[in-house]
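Below is model-v4.txt, holding compact mmCIF, C-alpha atoms and all ligand atoms.
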```txt
# COMPACT_ATOMS: atom_id res chain seq x y z
CA MET C 530 -11.96 -7.24 15.50
CA ILE C 531 -8.57 -5.56 15.96
CA GLU C 532 -6.58 -5.78 19.14
CA ILE C 533 -3.17 -4.19 19.31
CA LYS C 534 -1.08 -4.49 22.43
CA ASN C 535 2.25 -2.92 23.22
CA LEU C 536 3.11 -2.78 19.52
CA THR C 537 6.54 -1.40 18.78
CA LYS C 538 8.25 -1.02 15.42
CA THR C 539 11.74 0.31 15.03
CA TYR C 540 13.61 1.05 11.82
CA GLY C 541 17.27 0.95 12.88
CA SER C 542 17.50 3.40 15.76
CA PHE C 543 14.25 5.14 14.80
CA THR C 544 11.10 4.18 16.68
CA ALA C 545 8.05 4.45 14.41
CA LEU C 546 5.59 2.78 16.83
CA GLN C 547 6.03 2.98 20.55
CA SER C 548 4.06 0.50 22.70
CA LEU C 549 0.90 1.18 20.76
CA ASP C 550 -2.34 -0.09 22.32
CA MET C 551 -5.52 0.06 20.31
CA GLN C 552 -8.77 -1.82 19.90
CA VAL C 553 -11.40 -1.65 17.17
CA ASP C 554 -14.69 -3.48 17.70
CA LYS C 555 -16.51 -5.44 15.01
CA GLY C 556 -18.77 -3.28 12.82
CA THR C 557 -17.00 -0.07 13.79
CA VAL C 558 -15.77 2.47 11.27
CA PHE C 559 -12.58 3.70 12.84
CA GLY C 560 -10.82 6.84 11.65
CA PHE C 561 -7.09 6.72 12.20
CA VAL C 562 -5.71 10.22 12.13
CA GLY C 563 -2.35 11.79 12.77
CA PRO C 564 0.23 14.02 11.17
CA ASN C 565 2.68 12.83 8.52
CA GLY C 566 5.06 10.21 9.83
CA ALA C 567 2.96 9.48 12.93
CA GLY C 568 2.91 5.74 12.26
CA LYS C 569 -0.45 5.15 10.56
CA SER C 570 0.89 3.28 7.52
CA THR C 571 3.27 1.29 9.70
CA THR C 572 0.38 0.13 11.91
CA MET C 573 -1.77 -0.72 8.90
CA SER C 574 1.01 -2.64 7.15
CA ILE C 575 1.52 -4.73 10.29
CA LEU C 576 -2.22 -5.45 10.46
CA ALA C 577 -2.12 -6.39 6.79
CA THR C 578 0.69 -8.91 7.59
CA LEU C 579 3.09 -7.09 5.27
CA LEU C 580 5.45 -5.81 7.93
CA LEU C 581 6.77 -7.54 11.02
CA PRO C 582 6.57 -5.69 14.32
CA THR C 583 9.68 -5.43 16.48
CA SER C 584 7.69 -6.42 19.58
CA GLY C 585 4.15 -6.58 20.89
CA THR C 586 1.09 -8.24 19.40
CA ALA C 587 -1.61 -7.40 16.87
CA ARG C 588 -4.68 -9.59 16.47
CA VAL C 589 -7.26 -9.53 13.72
CA GLY C 590 -10.42 -11.54 14.34
CA GLY C 591 -8.57 -13.27 17.17
CA TYR C 592 -5.61 -14.29 14.99
CA GLU C 593 -2.17 -12.97 15.84
CA VAL C 594 -0.84 -11.43 12.63
CA THR C 595 2.66 -12.86 12.75
CA GLN C 596 1.56 -16.34 13.79
CA HIS C 597 -1.48 -16.78 11.54
CA PRO C 598 -0.94 -14.50 8.54
CA LYS C 599 -2.95 -16.73 6.17
CA GLU C 600 -6.07 -16.59 8.34
CA VAL C 601 -5.65 -12.85 8.79
CA ARG C 602 -5.35 -12.29 5.03
CA LYS C 603 -8.65 -14.04 4.46
CA LEU C 604 -10.32 -11.65 6.86
CA ILE C 605 -8.91 -8.41 5.54
CA GLY C 606 -9.07 -6.26 2.45
CA TYR C 607 -6.15 -3.87 2.32
CA MET C 608 -5.80 -0.73 0.28
CA PRO C 609 -2.27 0.69 0.58
CA ASP C 610 -1.49 4.39 0.30
CA PHE C 611 0.69 3.78 -2.74
CA PHE C 612 -0.40 1.14 -5.15
CA GLY C 613 0.48 0.02 -8.60
CA VAL C 614 -2.12 -1.23 -11.00
CA TYR C 615 -1.34 -3.49 -13.87
CA ASP C 616 -1.90 -1.11 -16.73
CA GLN C 617 -2.06 -3.74 -19.44
CA PHE C 618 -5.33 -5.10 -18.01
CA LYS C 619 -8.83 -3.93 -18.67
CA THR C 620 -10.76 -3.02 -15.52
CA VAL C 621 -12.82 -6.19 -15.54
CA GLU C 622 -9.77 -8.39 -16.25
CA TYR C 623 -7.93 -6.77 -13.40
CA LEU C 624 -10.63 -7.81 -10.94
CA HIS C 625 -10.76 -11.32 -12.43
CA PHE C 626 -7.01 -11.56 -11.94
CA TYR C 627 -7.32 -10.72 -8.24
CA GLY C 628 -10.40 -12.86 -7.78
CA ALA C 629 -8.61 -15.82 -9.32
CA SER C 630 -5.60 -15.26 -7.07
CA TYR C 631 -7.96 -15.67 -4.11
CA GLY C 632 -9.17 -18.94 -5.61
CA ILE C 633 -12.65 -17.68 -6.48
CA PRO C 634 -14.08 -19.87 -9.29
CA ARG C 635 -14.83 -18.23 -12.65
CA ALA C 636 -18.61 -18.66 -12.40
CA GLU C 637 -18.65 -16.94 -9.02
CA ARG C 638 -16.43 -14.13 -10.29
CA ASP C 639 -18.76 -13.58 -13.23
CA LYS C 640 -21.52 -12.81 -10.74
CA LEU C 641 -19.41 -10.93 -8.21
CA ILE C 642 -17.41 -8.60 -10.42
CA PRO C 643 -20.35 -6.71 -11.96
CA GLN C 644 -21.62 -6.12 -8.41
CA LEU C 645 -18.25 -4.80 -7.33
CA LEU C 646 -18.03 -2.55 -10.37
CA GLU C 647 -21.44 -1.18 -9.56
CA LEU C 648 -20.50 -0.57 -5.95
CA VAL C 649 -17.49 1.51 -6.96
CA ASN C 650 -19.29 3.18 -9.89
CA LEU C 651 -17.06 1.73 -12.59
CA THR C 652 -19.60 -0.32 -14.53
CA ASP C 653 -19.21 1.85 -17.61
CA LYS C 654 -15.41 1.49 -17.41
CA ALA C 655 -15.39 -2.31 -17.28
CA ASP C 656 -13.78 -2.63 -20.71
CA PHE C 657 -11.43 0.31 -20.42
CA TYR C 658 -7.71 -0.28 -19.96
CA VAL C 659 -6.66 0.50 -16.40
CA ASP C 660 -4.09 3.04 -17.56
CA THR C 661 -6.82 5.13 -19.17
CA LEU C 662 -8.65 5.55 -15.83
CA SER C 663 -8.36 8.74 -13.79
CA ARG C 664 -6.66 8.69 -10.40
CA GLY C 665 -10.01 8.65 -8.61
CA MET C 666 -11.20 5.73 -10.74
CA LYS C 667 -7.97 3.84 -10.06
CA GLN C 668 -8.47 4.40 -6.31
CA ARG C 669 -11.98 3.02 -6.60
CA LEU C 670 -10.75 0.06 -8.63
CA CYS C 671 -8.18 -0.59 -5.93
CA LEU C 672 -10.96 -0.51 -3.37
CA ALA C 673 -12.97 -3.01 -5.45
CA ARG C 674 -9.86 -5.19 -5.64
CA SER C 675 -9.61 -5.22 -1.84
CA LEU C 676 -13.22 -6.44 -1.69
CA VAL C 677 -13.08 -9.42 -4.07
CA HIS C 678 -12.90 -12.03 -1.31
CA ASP C 679 -15.65 -10.34 0.74
CA PRO C 680 -13.42 -9.52 3.73
CA GLU C 681 -14.86 -8.61 7.13
CA LEU C 682 -12.29 -5.93 7.80
CA LEU C 683 -11.16 -3.21 5.43
CA ILE C 684 -7.85 -1.52 6.05
CA LEU C 685 -7.80 1.62 3.95
CA ASP C 686 -4.67 3.73 4.02
CA GLU C 687 -5.61 7.23 2.90
CA PRO C 688 -8.14 6.14 0.26
CA ALA C 689 -9.04 9.73 -0.54
CA SER C 690 -5.54 11.13 -0.86
CA GLY C 691 -4.83 13.00 -4.05
CA LEU C 692 -8.48 13.05 -5.08
CA ASP C 693 -10.37 16.15 -6.11
CA PRO C 694 -13.40 17.15 -4.01
CA ARG C 695 -15.91 15.38 -6.25
CA ALA C 696 -13.91 12.14 -6.24
CA ARG C 697 -13.60 12.38 -2.45
CA ILE C 698 -17.35 12.65 -2.11
CA GLU C 699 -17.75 9.58 -4.34
CA MET C 700 -15.27 7.67 -2.21
CA ARG C 701 -17.09 8.74 0.94
CA GLU C 702 -20.40 7.51 -0.45
CA ILE C 703 -18.91 4.12 -1.27
CA LEU C 704 -17.51 3.83 2.23
CA LYS C 705 -20.94 4.63 3.65
CA GLU C 706 -22.34 1.74 1.64
CA LEU C 707 -19.66 -0.58 2.95
CA LYS C 708 -20.46 0.53 6.48
CA ALA C 709 -24.12 -0.24 5.82
CA MET C 710 -23.04 -3.71 4.68
CA GLY C 711 -21.66 -4.25 8.17
CA LYS C 712 -17.97 -4.18 7.37
CA THR C 713 -15.47 -3.16 9.99
CA ILE C 714 -13.36 -0.39 8.48
CA ILE C 715 -10.18 1.25 9.61
CA ILE C 716 -9.42 4.28 7.51
CA SER C 717 -6.56 6.73 7.77
CA SER C 718 -6.77 10.26 6.53
CA HIS C 719 -5.65 13.82 6.96
CA ILE C 720 -8.99 15.07 5.76
CA LEU C 721 -10.55 15.21 9.16
CA PRO C 722 -13.89 16.95 8.68
CA GLU C 723 -14.73 14.46 5.94
CA LEU C 724 -13.77 11.55 8.13
CA ALA C 725 -15.94 12.86 11.00
CA GLU C 726 -19.08 12.39 8.95
CA MET C 727 -18.59 8.71 8.41
CA VAL C 728 -16.58 7.32 11.31
CA ASP C 729 -17.93 6.02 14.60
CA GLU C 730 -14.67 6.43 16.43
CA ILE C 731 -11.38 8.18 15.92
CA GLY C 732 -7.94 7.39 17.18
CA VAL C 733 -5.28 10.05 17.06
CA ILE C 734 -1.72 8.87 16.67
CA GLU C 735 1.39 10.94 17.10
CA HIS C 736 5.02 9.83 17.33
CA GLY C 737 3.90 6.20 17.21
CA GLN C 738 1.56 6.48 20.20
CA LEU C 739 -2.18 6.74 20.45
CA ILE C 740 -2.79 10.04 22.18
CA ALA C 741 -6.60 10.06 22.05
CA LYS C 742 -9.31 7.59 21.14
CA GLY C 743 -13.04 7.65 21.39
CA ARG C 744 -16.31 8.49 19.74
CA VAL C 745 -16.05 11.66 17.69
CA GLN C 746 -18.63 13.29 19.94
CA ASP C 747 -16.80 12.31 23.14
CA ILE C 748 -13.54 13.68 21.87
CA GLN C 749 -15.30 16.87 20.88
CA ASN C 750 -16.74 17.02 24.41
CA GLN C 751 -13.28 16.60 25.86
CA ILE C 752 -12.26 19.62 23.87
CA LYS C 753 -15.27 21.46 25.19
CA ALA C 754 -13.77 21.05 28.64
CA ASN C 755 -11.60 23.83 27.30
CA ARG C 756 -14.21 25.72 25.36
CA ILE C 757 -13.89 29.18 23.97
CA LEU C 758 -16.73 31.58 24.64
CA HIS C 759 -17.40 34.64 22.52
CA VAL C 760 -19.19 37.58 24.10
CA ARG C 761 -20.30 40.71 22.26
CA LEU C 762 -21.22 43.74 24.31
CA MET C 763 -22.87 46.98 23.33
CA GLU C 764 -20.27 48.85 25.40
CA ARG C 765 -17.92 48.40 28.40
CA SER C 766 -16.03 45.50 26.72
CA GLU C 767 -12.72 46.43 28.32
CA GLU C 768 -14.26 46.65 31.76
CA ALA C 769 -15.98 43.27 31.24
CA THR C 770 -12.64 41.77 30.19
CA GLU C 771 -11.08 42.83 33.49
CA PHE C 772 -14.06 41.53 35.39
CA LEU C 773 -13.95 38.12 33.64
CA ARG C 774 -10.24 37.65 34.33
CA ASP C 775 -10.94 37.07 38.00
CA GLU C 776 -13.79 34.64 37.45
CA GLN C 777 -13.56 30.92 38.21
CA HIS C 778 -12.70 28.51 35.34
CA VAL C 779 -11.47 31.41 33.20
CA SER C 780 -7.89 30.83 32.14
CA MET C 781 -7.50 33.63 29.62
CA VAL C 782 -9.56 36.55 28.32
CA LEU C 783 -8.84 38.45 25.14
CA HIS C 784 -10.59 41.48 23.81
CA ASP C 785 -10.64 42.64 20.17
CA ALA C 786 -12.94 44.24 17.62
CA GLN C 787 -15.07 41.06 17.43
CA GLY C 788 -15.71 41.08 21.16
CA VAL C 789 -14.42 39.27 24.22
CA HIS C 790 -12.97 35.76 23.88
CA ILE C 791 -12.88 33.64 27.01
CA HIS C 792 -10.93 30.39 27.48
CA PHE C 793 -13.23 28.58 29.83
CA SER C 794 -12.79 25.21 31.56
CA GLY C 795 -16.16 25.07 33.35
CA ASN C 796 -19.12 22.86 32.49
CA ASP C 797 -22.52 23.90 31.10
CA GLU C 798 -23.89 24.95 34.53
CA GLU C 799 -20.83 27.03 35.26
CA GLN C 800 -21.19 28.65 31.87
CA VAL C 801 -24.79 29.62 32.71
CA HIS C 802 -23.53 31.01 36.00
CA LEU C 803 -20.93 33.13 34.23
CA LEU C 804 -23.51 34.61 31.87
CA ARG C 805 -25.83 35.34 34.79
CA LYS C 806 -23.05 37.18 36.61
CA LEU C 807 -22.36 39.34 33.56
CA MET C 808 -26.04 40.21 33.34
CA ASP C 809 -26.31 40.88 37.10
CA LYS C 810 -23.40 43.30 36.81
CA GLY C 811 -25.38 45.13 34.17
CA TYR C 812 -23.05 44.50 31.22
CA PRO C 813 -25.01 45.06 27.99
CA VAL C 814 -24.51 41.59 26.42
CA ILE C 815 -25.61 41.35 22.78
CA SER C 816 -24.53 37.75 22.32
CA PHE C 817 -22.87 35.04 24.36
CA ASN C 818 -21.91 31.88 22.52
CA GLU C 819 -19.54 29.01 22.32
CA ALA C 820 -17.09 28.69 19.44
CA GLN C 821 -17.90 25.60 17.39
CA THR C 822 -15.24 22.95 17.37
CA ASN C 823 -14.93 20.66 14.40
CA LEU C 824 -12.75 17.62 14.07
CA GLU C 825 -9.96 19.69 12.58
CA ASP C 826 -9.86 21.86 15.73
CA VAL C 827 -10.00 18.76 17.88
CA PHE C 828 -7.07 17.28 16.03
CA LEU C 829 -4.98 20.42 16.29
CA GLU C 830 -5.80 20.81 19.96
CA ILE C 831 -4.90 17.21 20.74
CA THR C 832 -1.70 17.14 18.74
CA ARG C 833 -0.69 20.37 20.43
CA GLY C 834 -0.56 18.25 23.57
CA GLY C 835 -3.64 19.84 25.08
CA ILE C 836 -5.44 16.63 25.93
CA GLN C 837 -4.38 13.26 27.21
CA PRO C 838 -6.43 10.09 26.66
N1 LIG H 1 11.20 1.43 5.75
C1 LIG H 1 11.42 2.45 6.59
N2 LIG H 1 12.66 2.74 7.00
C2 LIG H 1 12.92 3.74 7.87
N3 LIG H 1 11.95 4.56 8.38
C3 LIG H 1 10.70 4.32 8.00
C4 LIG H 1 10.36 3.26 7.08
N4 LIG H 1 9.02 3.28 6.90
C5 LIG H 1 8.55 4.29 7.66
N5 LIG H 1 9.54 4.92 8.32
C6 LIG H 1 9.41 6.04 9.24
O1 LIG H 1 8.49 5.70 10.27
C7 LIG H 1 7.66 6.81 10.60
C8 LIG H 1 6.21 6.42 10.48
O2 LIG H 1 5.89 6.27 9.11
P1 LIG H 1 4.43 5.94 8.59
O3 LIG H 1 4.52 5.80 7.11
O4 LIG H 1 3.88 4.82 9.37
O5 LIG H 1 3.65 7.28 8.98
P2 LIG H 1 2.22 7.79 8.54
O6 LIG H 1 1.54 8.21 9.78
O7 LIG H 1 1.56 6.77 7.71
O8 LIG H 1 2.57 9.06 7.70
P3 LIG H 1 1.88 9.65 6.36
O9 LIG H 1 0.63 10.30 6.81
O10 LIG H 1 2.91 10.62 5.90
O11 LIG H 1 1.66 8.50 5.43
C9 LIG H 1 8.07 7.96 9.68
O12 LIG H 1 8.96 8.81 10.37
C10 LIG H 1 8.80 7.25 8.56
O13 LIG H 1 9.80 8.08 8.01
```
Serialized structure, C-alpha cells:
Amino acid sequence: MIEIKNLTKTYGSFTALQSLDMQVDKGTVFGFVGPNGAGKSTTMSILATLLLPTSGTARVGGYEVTQHPKEVRKLIGYMPDFFGVYDQFKTVEYLHFYGASYGIPRAERDKLIPQLLELVNLTDKADFYVDTLSRGMKQRLCLARSLVHDPELLILDEPASGLDPRARIEMREILKELKAMGKTIIISSHILPELAEMVDEIGVIEHGQLIAKGRVQDIQNQIKANRILHVRLMERSEEATEFLRDEQHVSMVLHDAQGVHIHFSGNDEEQVHLLRKLMDKGYPVISFNEAQTNLEDVFLEITRGGIQP
C-alpha cells in the first residue's frame, strides 16, 4: 500500500529525511515511532501529497505521490498533528462540509455522517458547535473528517497527542474498529506501549532514517538477543558474580541488593545451560528470570544505537 524508496527531504542545509526506505502492506496497522524531530511528520506530509520530497519516490496504492496526487488523495485519509477546525460549524455541519468537498451527494452524506459520528462516539454532540467540544472530541471529529470519503489508507499523525488517558483509550478503541474494517493505517506516536497493543508492525525512525522495522514481537526478540537476566541467591552473590563474569555470552554482570543482573547475548538453550552451571556449582539460586522488555524499552534500546535493522 505504501512504498517509499530513497526518500530525501532537505530544508535548506538541514536534512530531515535521508534516503528513507519503507514499505507498508495493505491491511497492516503500522506504528511509526521516533523521537521529536526524527522525520515522522515530514514523511506523512509527503505521503499525504502536502509536501514535495527533494528526491526519491513515495507510492501509495501504486501511485507516485508527486505524479498522481489526485489519485493518492482519493485513497488516503489524513489527520495532521496540528489541525484547525472551523469553530463556527456544528459538528454535523462540519462533516457535511468536508463530505461535500469530496463531492459526496447530500443523500449519501445523510446516511454516512450518522455512522461516522457513531464510530467516533460523537452522536450526542452532532448539534454542538465545534468550539464547544473538548480536545479529545475535536481529535475524534478530525478523525471522522478524514474518513468521509471511505479511504483505504489512514495516515494519522499523533492522533492521541495531548489527550488524557481516558480519551487515549477511546481513540485506541476507534482505531481497533478501523483495523477490523480492514483499513491500512499508519500511525505515529510517542506513546509506545499503547501503540504496541494495536499495531502489527513498527518502524523506528531517527535522524530521517529507518533504523528498525518489523513485527512488534520480532523487534522484541531482537532485543532479547541482548537480554538481561536477574538472579537472586540465598547467599554467595558476590562469588557468583565473579563466576558469571567469565561465562560465555555474558558481557556484563552487576550485583546489588536486588540480586545479580547479567547482560546476556545467548539464546534460550544457552540460558538454560547457564542456569544449570550455577546449580551444578552449588549456588543457592532462589530465582532466575529474564527482565521483561516492553516497547518503550525496545525503543530506547534501538535509539541508543544498540540494534541495526
Ligand atoms: N518547514 C521546515 N523548515 C525547516 N525545518 C523543518 C521544517 N519542517 C520540519 N523541519 C525539521 O525537520 C525535522 C523533522 O521534523 P518532523 O516534524 O518531520 O519530525 P517528527 O518526527 O514529526 O517530530 P515530532 O515528533 O516532534 O512531531 C525537524 O528537525 C524539524 O525541525
For this session: Enumerate as an NGL selection string the residues within 8 Å of ligand LIG 1 (chain H), counting only C-alpha atoms and all ligand atoms.
Result: :C and (539-541 or 543-546 or 562-573 or 610 or 686-687 or 718-719 or 734-737)
Identify, on the basis of only C-alpha atoms, every residue whose closest approach to segment 788-799 of chain C does not exceed 7 Å; exclude the query and any residue fewer than 3 positions from it along the same chain; express the result as a PDB file with C-alpha atoms, in the coordinates of the input.
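So the final result, stored in part.pdb, reads:
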```pdb
ATOM      1  CA  ALA C 754     -13.770  21.050  28.640  1.00  0.00           C
ATOM      2  CA  ASN C 755     -11.600  23.830  27.300  1.00  0.00           C
ATOM      3  CA  ARG C 756     -14.210  25.720  25.360  1.00  0.00           C
ATOM      4  CA  ILE C 757     -13.890  29.180  23.970  1.00  0.00           C
ATOM      5  CA  LEU C 758     -16.730  31.580  24.640  1.00  0.00           C
ATOM      6  CA  HIS C 759     -17.400  34.640  22.520  1.00  0.00           C
ATOM      7  CA  VAL C 760     -19.190  37.580  24.100  1.00  0.00           C
ATOM      8  CA  ARG C 761     -20.300  40.710  22.260  1.00  0.00           C
ATOM      9  CA  LEU C 762     -21.220  43.740  24.310  1.00  0.00           C
ATOM     10  CA  SER C 766     -16.030  45.500  26.720  1.00  0.00           C
ATOM     11  CA  THR C 770     -12.640  41.770  30.190  1.00  0.00           C
ATOM     12  CA  HIS C 778     -12.700  28.510  35.340  1.00  0.00           C
ATOM     13  CA  VAL C 779     -11.470  31.410  33.200  1.00  0.00           C
ATOM     14  CA  SER C 780      -7.890  30.830  32.140  1.00  0.00           C
ATOM     15  CA  MET C 781      -7.500  33.630  29.620  1.00  0.00           C
ATOM     16  CA  VAL C 782      -9.560  36.550  28.320  1.00  0.00           C
ATOM     17  CA  LEU C 783      -8.840  38.450  25.140  1.00  0.00           C
ATOM     18  CA  HIS C 784     -10.590  41.480  23.810  1.00  0.00           C
ATOM     19  CA  ASP C 785     -10.640  42.640  20.170  1.00  0.00           C
ATOM     20  CA  HIS C 802     -23.530  31.010  36.000  1.00  0.00           C
ATOM     21  CA  LEU C 803     -20.930  33.130  34.230  1.00  0.00           C
TER      22      LEU C 803
END
```
Exercise. Between atom CA of Ala673 of chain C and atom CA of Leu646 of chain C, what is the spacing in Å?
Worked result: 7.1 Å
Exercise. Which of these, C:Leu624, C:Ile714, C:Leu536, C:Val733, has the shortest distance to Leu581 of chain C once you count all atoms listed in the file?
Worked result: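 Closest to Leu581 of chain C, using all atoms listed in the file: C:Leu536.
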Mind working out the centre and edge lengths of an axis-aligned box for segment 685-703 of chain C, all listed atoms inside, 5 Å added to each side, rounded to one decimal in Å and written as JSON?
```
{"center_x": -12.5, "center_y": 9.4, "center_z": -1.1, "size_x": 25.7, "size_y": 25.5, "size_z": 20.3}
```
Exercise. C:Lys712, C:Lys742, C:His625, C:Lys619: which is nearest Lys667 of chain C, counting only C-alpha atoms?
Worked result: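 Nearest to Lys667 of chain C: C:Lys619.
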For this session: For atom CA of Gly585 of chain C and atom CA of Val553 of chain C, quote the distance in Å rounded to one decimal.
Result: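 We find that atom CA of Gly585 of chain C and atom CA of Val553 of chain C lie 16.7 Å from each other.
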Problem set entry | C:Ile698, C:Ile642, C:Arg765, C:Ile531 ranked by distance to Thr586 of chain C, top pick (using all atoms listed in the file) | C:Ile531
Exercise. Atom CA of Lys708 of chain C and atom CA of Gln746 of chain C are how many Å apart?
Worked result: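 Taking atom CA of Lys708 of chain C and atom CA of Gln746 of chain C, their separation equals 18.6 Å.
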Exercise. Any idea what's packed within 10 Å of Met551 of chain C, counting all atoms listed in the file, ignoring anything in its chain fewer than 3 positions away? Could you give it as a PyMOL selection string?
Worked result: chain C and resi 531-536+548+587+732+738-739+742
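Of the residues under consideration (C:Leu549, C:Leu672, C:Gln617, C:Val677), C:Val677 shows the shortest atom-to-atom contact distance to Lys640 of chain C when counting all atoms listed in the file.
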Exercise. Quick one: residues within 9 Å of Arg669 of chain C, all atoms listed in the file counted, chain neighbours fewer than 4 positions away excluded, as a list of chain:residue names?
Worked result: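 Answer for this query is C:Val649, C:Asn650, C:Leu651, C:Arg664, C:Gly665, C:Ala673, C:Arg674, C:Pro688, C:Met700, C:Ile703.
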Problem set entry | For Ser816 of chain C, the nearest of the candidates C:Leu685, C:Ala696, C:Ala577, C:Leu804, counting only C-alpha atoms |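 Ranking C:Leu685, C:Ala696, C:Ala577, C:Leu804 by distance to Ser816 of chain C, first place goes to C:Leu804.
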Problem set entry | Among the residues C:Leu576, C:Ala689, C:Ala786, C:Val558, the one that comes closest to Lys705 of chain C [using all atoms listed in the file] |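 Answer, going by the shortest atom-to-atom distance: C:Val558.
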Excluding Arg602 of chain C and residues on its chain fewer than 2 positions from it, collect all residues at most 10 Å away from it, counting all atoms listed in the file, and give them as a CSV table (one decimal) with C-alpha atoms, keeping the file's coordinate frame.
```
chain,number,residue,atom,x,y,z
C,576,LEU,CA,-2.2,-5.4,10.5
C,577,ALA,CA,-2.1,-6.4,6.8
C,578,THR,CA,0.7,-8.9,7.6
C,579,LEU,CA,3.1,-7.1,5.3
C,589,VAL,CA,-7.3,-9.5,13.7
C,594,VAL,CA,-0.8,-11.4,12.6
C,597,HIS,CA,-1.5,-16.8,11.5
C,598,PRO,CA,-0.9,-14.5,8.5
C,599,LYS,CA,-3.0,-16.7,6.2
C,600,GLU,CA,-6.1,-16.6,8.3
C,604,LEU,CA,-10.3,-11.6,6.9
C,605,ILE,CA,-8.9,-8.4,5.5
C,606,GLY,CA,-9.1,-6.3,2.4
C,607,TYR,CA,-6.2,-3.9,2.3
C,678,HIS,CA,-12.9,-12.0,-1.3
C,680,PRO,CA,-13.4,-9.5,3.7
C,682,LEU,CA,-12.3,-5.9,7.8
```
Some atoms are missing, so please complete segment 637-653 of chain C with N, CA and C atoms and return it as an mmCIF file, in the coordinates of the input.
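Final output, result_5.cif:
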```cif
data_model
loop_
_atom_site.group_PDB
_atom_site.id
_atom_site.type_symbol
_atom_site.label_atom_id
_atom_site.label_comp_id
_atom_site.auth_asym_id
_atom_site.auth_seq_id
_atom_site.Cartn_x
_atom_site.Cartn_y
_atom_site.Cartn_z
ATOM 1 N N GLU C 637 -18.358 -17.834 -10.146
ATOM 2 C CA GLU C 637 -18.650 -16.940 -9.020
ATOM 3 C C GLU C 637 -18.170 -15.522 -9.332
ATOM 4 N N ARG C 638 -16.983 -15.451 -9.941
ATOM 5 C CA ARG C 638 -16.430 -14.130 -10.290
ATOM 6 C C ARG C 638 -17.318 -13.407 -11.293
ATOM 7 N N ASP C 639 -17.894 -14.188 -12.217
ATOM 8 C CA ASP C 639 -18.760 -13.580 -13.230
ATOM 9 C C ASP C 639 -19.972 -12.908 -12.594
ATOM 10 N N LYS C 640 -20.387 -13.425 -11.453
ATOM 11 C CA LYS C 640 -21.520 -12.810 -10.740
ATOM 12 C C LYS C 640 -21.039 -11.636 -9.891
ATOM 13 N N LEU C 641 -19.911 -11.879 -9.214
ATOM 14 C CA LEU C 641 -19.410 -10.930 -8.210
ATOM 15 C C LEU C 641 -18.875 -9.630 -8.823
ATOM 16 N N ILE C 642 -18.119 -9.766 -9.915
ATOM 17 C CA ILE C 642 -17.410 -8.600 -10.420
ATOM 18 C C ILE C 642 -18.348 -7.477 -10.905
ATOM 19 N N PRO C 643 -19.425 -7.805 -11.609
ATOM 20 C CA PRO C 643 -20.350 -6.710 -11.960
ATOM 21 C C PRO C 643 -20.902 -5.996 -10.717
ATOM 22 N N GLN C 644 -21.120 -6.756 -9.647
ATOM 23 C CA GLN C 644 -21.620 -6.120 -8.410
ATOM 24 C C GLN C 644 -20.573 -5.173 -7.825
ATOM 25 N N LEU C 645 -19.328 -5.640 -7.859
ATOM 26 C CA LEU C 645 -18.250 -4.800 -7.330
ATOM 27 C C LEU C 645 -18.093 -3.530 -8.163
ATOM 28 N N LEU C 646 -18.177 -3.710 -9.484
ATOM 29 C CA LEU C 646 -18.030 -2.550 -10.370
ATOM 30 C C LEU C 646 -19.156 -1.547 -10.127
ATOM 31 N N GLU C 647 -20.311 -2.063 -9.847
ATOM 32 C CA GLU C 647 -21.440 -1.180 -9.560
ATOM 33 C C GLU C 647 -21.216 -0.432 -8.258
ATOM 34 N N LEU C 648 -20.751 -1.176 -7.259
ATOM 35 C CA LEU C 648 -20.500 -0.570 -5.950
ATOM 36 C C LEU C 648 -19.528 0.609 -6.057
ATOM 37 N N VAL C 649 -18.492 0.443 -6.858
ATOM 38 C CA VAL C 649 -17.490 1.510 -6.960
ATOM 39 C C VAL C 649 -17.710 2.408 -8.184
ATOM 40 N N ASN C 650 -18.891 2.336 -8.756
ATOM 41 C CA ASN C 650 -19.290 3.180 -9.890
ATOM 42 C C ASN C 650 -18.334 3.095 -11.080
ATOM 43 N N LEU C 651 -17.949 1.880 -11.430
ATOM 44 C CA LEU C 651 -17.060 1.730 -12.590
ATOM 45 C C LEU C 651 -17.662 0.816 -13.651
ATOM 46 N N THR C 652 -18.966 0.587 -13.574
ATOM 47 C CA THR C 652 -19.600 -0.320 -14.530
ATOM 48 C C THR C 652 -19.308 0.100 -15.970
ATOM 49 N N ASP C 653 -19.413 1.401 -16.224
ATOM 50 C CA ASP C 653 -19.210 1.850 -17.610
ATOM 51 C C ASP C 653 -17.732 1.861 -18.016
#
```
